[in-house]
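Coordinates from final-v3.csv are shown below (CSV, C-alpha atoms and all ligand atoms).
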chain,number,residue,atom,x,y,z
A,321,MET,CA,0.0,0.0,0.0
A,322,ARG,CA,3.0,2.3,0.6
A,323,GLY,CA,3.6,2.9,-3.1
A,324,LEU,CA,0.0,4.0,-3.6
A,325,ARG,CA,0.1,6.6,-0.8
A,326,PRO,CA,0.7,10.3,-1.9
A,327,ALA,CA,2.6,12.6,0.5
A,328,GLU,CA,-0.1,15.2,0.0
A,329,TYR,CA,-3.6,15.4,-1.4
A,330,HIS,CA,-5.2,18.6,-2.7
A,331,LYS,CA,-8.3,19.8,-4.5
A,332,SER,CA,-6.3,21.2,-7.3
A,333,ILE,CA,-2.7,22.2,-8.2
A,334,PHE,CA,-3.6,25.7,-7.1
A,335,GLU,CA,-3.7,24.5,-3.4
A,336,ILE,CA,-0.1,23.2,-3.5
A,337,ASP,CA,2.2,25.1,-1.2
A,338,LEU,CA,5.0,26.0,-3.6
A,339,ASP,CA,7.0,27.8,-0.9
A,340,LYS,CA,7.0,24.7,1.3
A,341,LEU,CA,8.3,22.7,-1.7
A,342,ARG,CA,11.1,25.2,-2.2
A,343,ARG,CA,12.0,25.1,1.5
A,344,MET,CA,12.1,21.3,1.2
A,345,GLY,CA,14.8,21.6,-1.5
A,346,LYS,CA,12.6,20.6,-4.4
A,347,ARG,CA,13.8,21.8,-7.8
A,348,ALA,CA,11.5,20.1,-10.3
A,349,ILE,CA,7.8,19.5,-10.5
A,350,MET,CA,6.6,16.8,-12.9
A,351,LEU,CA,3.1,17.3,-13.9
A,352,ASP,CA,0.5,14.9,-15.3
A,353,LEU,CA,-1.5,16.5,-18.0
A,354,ASP,CA,-5.1,15.2,-18.4
A,355,ASN,CA,-7.4,16.1,-15.5
A,356,THR,CA,-4.5,17.5,-13.6
A,357,LEU,CA,-3.6,20.6,-15.6
A,358,VAL,CA,-6.7,20.8,-17.9
A,359,ARG,CA,-9.6,18.6,-18.8
A,360,TRP,CA,-8.9,15.4,-20.7
A,361,ASN,CA,-7.7,16.2,-24.2
A,362,ASP,CA,-8.2,20.0,-23.8
A,363,PRO,CA,-5.5,21.6,-26.0
A,364,THR,CA,-5.4,25.0,-24.3
A,365,PRO,CA,-3.6,26.0,-21.2
A,366,THR,CA,-5.7,28.4,-19.2
A,367,PRO,CA,-4.4,31.8,-18.1
A,368,ALA,CA,-4.6,30.6,-14.5
A,369,LEU,CA,-2.4,27.6,-15.3
A,370,LEU,CA,0.2,29.8,-17.2
A,371,SER,CA,0.5,32.1,-14.2
A,372,TRP,CA,0.8,29.1,-11.8
A,373,LEU,CA,3.6,27.7,-14.0
A,374,ALA,CA,5.4,31.0,-13.7
A,375,GLU,CA,4.9,31.0,-10.0
A,376,ALA,CA,6.4,27.5,-9.8
A,377,ARG,CA,9.4,28.7,-11.7
A,378,ALA,CA,9.7,31.7,-9.4
A,379,HIS,CA,9.9,29.2,-6.5
A,380,GLY,CA,12.8,27.4,-8.1
A,381,LEU,CA,10.6,24.5,-9.4
A,382,GLN,CA,11.2,23.6,-13.0
A,383,PRO,CA,8.0,22.3,-14.5
A,384,CYS,CA,7.9,19.4,-16.9
A,385,ILE,CA,4.8,17.6,-18.2
A,386,VAL,CA,5.0,13.8,-17.9
A,387,SER,CA,2.0,12.3,-19.6
A,388,ASN,CA,0.8,8.9,-20.8
A,389,ASN,CA,-1.2,10.5,-23.6
A,390,ARG,CA,0.0,10.3,-27.2
A,391,GLY,CA,3.0,12.3,-28.1
A,392,ALA,CA,1.3,14.8,-30.5
A,393,ARG,CA,-1.3,15.8,-27.8
A,394,VAL,CA,1.3,16.3,-25.2
A,395,ARG,CA,3.7,18.1,-27.5
A,396,GLU,CA,1.1,20.6,-28.7
A,397,PHE,CA,-0.1,21.4,-25.1
A,398,ALA,CA,3.5,21.6,-23.7
A,399,SER,CA,4.6,24.0,-26.5
A,400,ARG,CA,1.6,26.3,-25.8
A,401,ALA,CA,2.4,26.2,-22.1
A,402,GLY,CA,6.2,26.7,-22.8
A,403,VAL,CA,7.3,23.7,-20.7
A,404,PRO,CA,9.4,20.6,-21.5
A,405,PHE,CA,7.5,17.3,-21.8
A,406,ILE,CA,7.6,13.6,-21.9
A,407,GLY,CA,4.8,12.0,-23.9
A,408,ARG,CA,3.8,8.3,-23.8
A,409,ALA,CA,5.5,8.2,-20.5
A,410,GLY,CA,4.3,4.7,-19.6
A,411,LYS,CA,3.5,5.6,-16.0
A,412,PRO,CA,3.6,3.9,-13.5
A,413,ARG,CA,6.9,2.8,-15.0
A,414,VAL,CA,9.9,4.8,-13.8
A,415,LYS,CA,11.4,5.3,-17.3
A,416,GLY,CA,9.5,8.6,-18.2
A,417,PHE,CA,10.3,10.2,-14.8
A,418,ALA,CA,13.9,9.1,-15.0
A,419,GLU,CA,14.2,10.6,-18.4
A,420,ALA,CA,12.6,13.9,-17.2
A,421,MET,CA,14.9,14.1,-14.2
A,422,GLN,CA,17.9,13.6,-16.4
A,423,ARG,CA,16.8,16.3,-18.8
A,424,LEU,CA,16.2,18.7,-15.9
A,425,GLY,CA,19.4,17.7,-14.1
A,426,VAL,CA,17.7,16.8,-10.8
A,427,THR,CA,17.8,13.9,-8.4
A,428,PRO,CA,14.7,12.0,-7.2
A,429,ASP,CA,15.1,13.8,-3.8
A,430,GLU,CA,14.7,17.1,-5.6
A,431,THR,CA,11.6,16.0,-7.6
A,432,VAL,CA,7.9,16.4,-7.0
A,433,VAL,CA,5.4,14.4,-9.0
A,434,VAL,CA,1.8,15.7,-9.3
A,435,GLY,CA,-1.2,13.9,-10.8
A,436,ASP,CA,-4.8,12.9,-10.4
A,437,GLN,CA,-4.3,9.1,-10.6
A,438,ILE,CA,-3.1,6.8,-7.9
A,439,PHE,CA,-2.2,3.9,-10.1
A,440,THR,CA,-0.1,5.9,-12.6
A,441,ASP,CA,1.0,9.2,-11.1
A,442,VAL,CA,1.4,8.3,-7.4
A,443,LEU,CA,2.6,4.8,-7.9
A,444,GLY,CA,5.1,5.8,-10.6
A,445,GLY,CA,6.3,8.9,-8.7
A,446,ASN,CA,6.8,6.9,-5.5
A,447,ARG,CA,8.7,4.2,-7.5
A,448,ALA,CA,10.9,6.9,-9.0
A,449,GLY,CA,11.7,8.1,-5.5
A,450,ALA,CA,10.0,11.4,-5.9
A,451,TYR,CA,7.7,13.4,-3.5
A,452,THR,CA,4.2,12.7,-4.7
A,453,ILE,CA,1.1,14.9,-4.7
A,454,LEU,CA,-2.4,13.6,-5.6
A,455,VAL,CA,-5.0,16.1,-6.8
A,456,VAL,CA,-8.7,15.7,-7.4
A,457,PRO,CA,-9.4,15.2,-11.2
A,458,ILE,CA,-10.6,18.4,-12.9
A,459,ASP,CA,-13.5,16.7,-14.7
A,460,ARG,CA,-15.4,13.4,-14.8
A,461,ARG,CA,-14.9,12.9,-18.5
A,462,GLU,CA,-11.9,10.7,-19.2
A,463,PHE,CA,-10.4,7.8,-21.2
A,464,ILE,CA,-12.6,4.7,-20.9
A,465,GLY,CA,-9.7,2.6,-19.4
A,466,THR,CA,-9.2,5.2,-16.7
A,467,ARG,CA,-12.9,5.1,-15.7
A,468,LEU,CA,-12.5,1.4,-14.9
A,469,VAL,CA,-9.3,2.0,-12.8
A,470,ARG,CA,-11.2,4.7,-10.9
A,471,ILE,CA,-13.4,2.1,-9.3
A,472,ILE,CA,-10.4,0.4,-7.7
A,473,GLU,CA,-8.8,3.8,-7.0
A,474,ARG,CA,-11.9,4.9,-4.9
A,475,ARG,CA,-11.4,1.8,-2.7
A,476,VAL,CA,-7.7,2.7,-2.2
A,477,LEU,CA,-8.6,6.3,-1.4
A,478,SER,CA,-11.2,5.3,1.2
A,479,TYR,CA,-8.8,2.8,2.7
A,480,LEU,CA,-6.1,5.5,3.1
A,481,GLN,CA,-8.7,8.0,4.4
A,482,ARG,CA,-10.0,5.5,7.0
A,483,ARG,CA,-6.5,5.0,8.3
A,484,GLY,CA,-5.7,8.7,8.3
A,485,LEU,CA,-3.0,8.2,5.7
A,486,LEU,CA,-4.4,10.8,3.3
A,487,THR,CA,-3.6,14.2,4.5
A,488,GLU,CA,-4.6,17.6,3.0
A,489,LYS,CA,-1.7,19.8,4.0
B,501,MG,MG,-4.4,12.4,-15.4

Here is the file; what I need is its structure written in the form of C-alpha cells.
Ligand SMILES: [Mg+2]
Amino acid sequence: MRGLRPAEYHKSIFEIDLDKLRRMGKRAIMLDLDNTLVRWNDPTPTPALLSWLAEARAHGLQPCIVSNNRGARVREFASRAGVPFIGRAGKPRVKGFAEAMQRLGVTPDETVVVGDQIFTDVLGGNRAGAYTILVVPIDRREFIGTRLVRIIERRVLSYLQRRGLLTEK
C-alpha cells in the first residue's frame, strides 16, 4: 500500500504550497496533463495555469509535463504552455520520470510528481523516489480505461482515508 500513498492530497494544483516545496529543497515539478492541468484532451492552457507555472518557476521549481497520452497531444499542449515534456511516458513505469529528471538535471530527492491518478502518477512517482502529490481530477470525463481503474482507486482512497493516511496539507 505504501507505493500507492501520496505525500499530499489537494483539491487542485492551485492549493499546493510552492513555498513549502522550495524550502524542502525541491527543484523540479513533474506534472501529469489530463485532468491534472486541464480537462482530458483539452488543447489549451488556461491563463490561471500559465501564471501558476510562472509561480512554480519563481519558487525554483522547473515544471515538466509527464503524460501517458499520445506524443502529439502532449507536445502541442506543452509548447503552448512553454514547458518541456515527456509523452507516452508509460506511468507507473519509472522510465519517463527518470528521463525527465535527467533532462532537468535533478535527483529523485529534488523531484515532486503531481497527478490525479493513484495507479499511474502516485505509484510511478513513488517508485521513481519522488515526493508525490495527488489532486482531485478536474473533470469526470476521461479515457474509458481510466474510468475502470477509478473504481479500484476509490477503494484505495477510502482505505487511506479511514487510516488517516491521506492528508490535505
Ligand atoms: Mg491524469

Would you please work out which residue, of A:His330, A:Arg322, A:Arg359, A:Arg483, is nearest to Glu462 of chain A when using all atoms listed in the file? A:Arg359

Got a sec to check which residues lie within 6 Å of ligand MG 501 (chain B), using all atoms listed in the file, and send them as a PyMOL selection string? chain A and resi 352-356+435-437

Produce a file of the selected residues containing C-alpha atoms, as a JSON list (two decimals), keeping the file's coordinate frame.
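Output file part.json follows:
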[["chain", "number", "residue", "atom", "x", "y", "z"],
["A", 352, "ASP", "CA", 0.50, 14.90, -15.30],
["A", 353, "LEU", "CA", -1.50, 16.50, -18.00],
["A", 354, "ASP", "CA", -5.10, 15.20, -18.40],
["A", 355, "ASN", "CA", -7.40, 16.10, -15.50],
["A", 356, "THR", "CA", -4.50, 17.50, -13.60],
["A", 435, "GLY", "CA", -1.20, 13.90, -10.80],
["A", 436, "ASP", "CA", -4.80, 12.90, -10.40],
["A", 437, "GLN", "CA", -4.30, 9.10, -10.60]]

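Nearest-residue note for Asp337 of chain A: choosing from A:Glu396, A:Asp362, A:Glu375, A:Glu419, the minimum distance belongs to A:Glu375, counting only C-alpha atoms.
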
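Picture a line from atom CA of Pro383 of chain A to atom CA of Met344 of chain A; it runs 16.3 Å.
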
Determine, counting only C-alpha atoms, which protein, DNA and RNA residues have an atom within 6 Å of an atom of segment 385-391 of chain A; residues of the same chain fewer than 5 positions away are not included. Present the result as a ChimeraX atom specification. /A:350-353,405-410

Calculate how many Å separate atom CA of Gln382 of chain A from atom CA of Val442 of chain A, rounding to one decimal.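 Distance between the two atoms: 19.0 Å.
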
Atom-to-atom span, atom CA of Arg377 of chain A and atom CA of Val358 of chain A, Å: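 Atom-to-atom, atom CA of Arg377 of chain A and atom CA of Val358 of chain A are spaced 19.0 Å apart.
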
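Restricting the calculation to all atoms listed in the file, the smallest distance between Ala392 of chain A and any of A:Arg467, A:Arg342, A:Arg423, A:Asn361 is found for A:Asn361.
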
Can you list, as a PyMOL selection string, every protein, DNA or RNA residue that comes within 12 Å of Ala374 of chain A when you count only C-alpha atoms, leaving out same-chain residues fewer than 4 positions away? chain A and resi 338+367-370+378-383+401-403

For a quick check of understanding, using all atoms listed in the file, which of A:Leu486, A:Ile336, A:Ile438, A:Leu357 has the smallest distance to Ile471 of chain A?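 Smallest separation from Ile471 of chain A among the options: A:Ile438.
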
Shell around Leu443 of chain A at 7 Å using all atoms listed in the file, local window under 6 positions removed, as a list in words: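 Non-adjacent residues within range: Gly323, Leu324 and Pro412 of chain A.
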
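Among the candidate residues A:Thr487, A:Thr427, A:Thr440, A:Ser371, the one lying nearest to Ile349 of chain A is A:Thr427, with distances computed using only C-alpha atoms.
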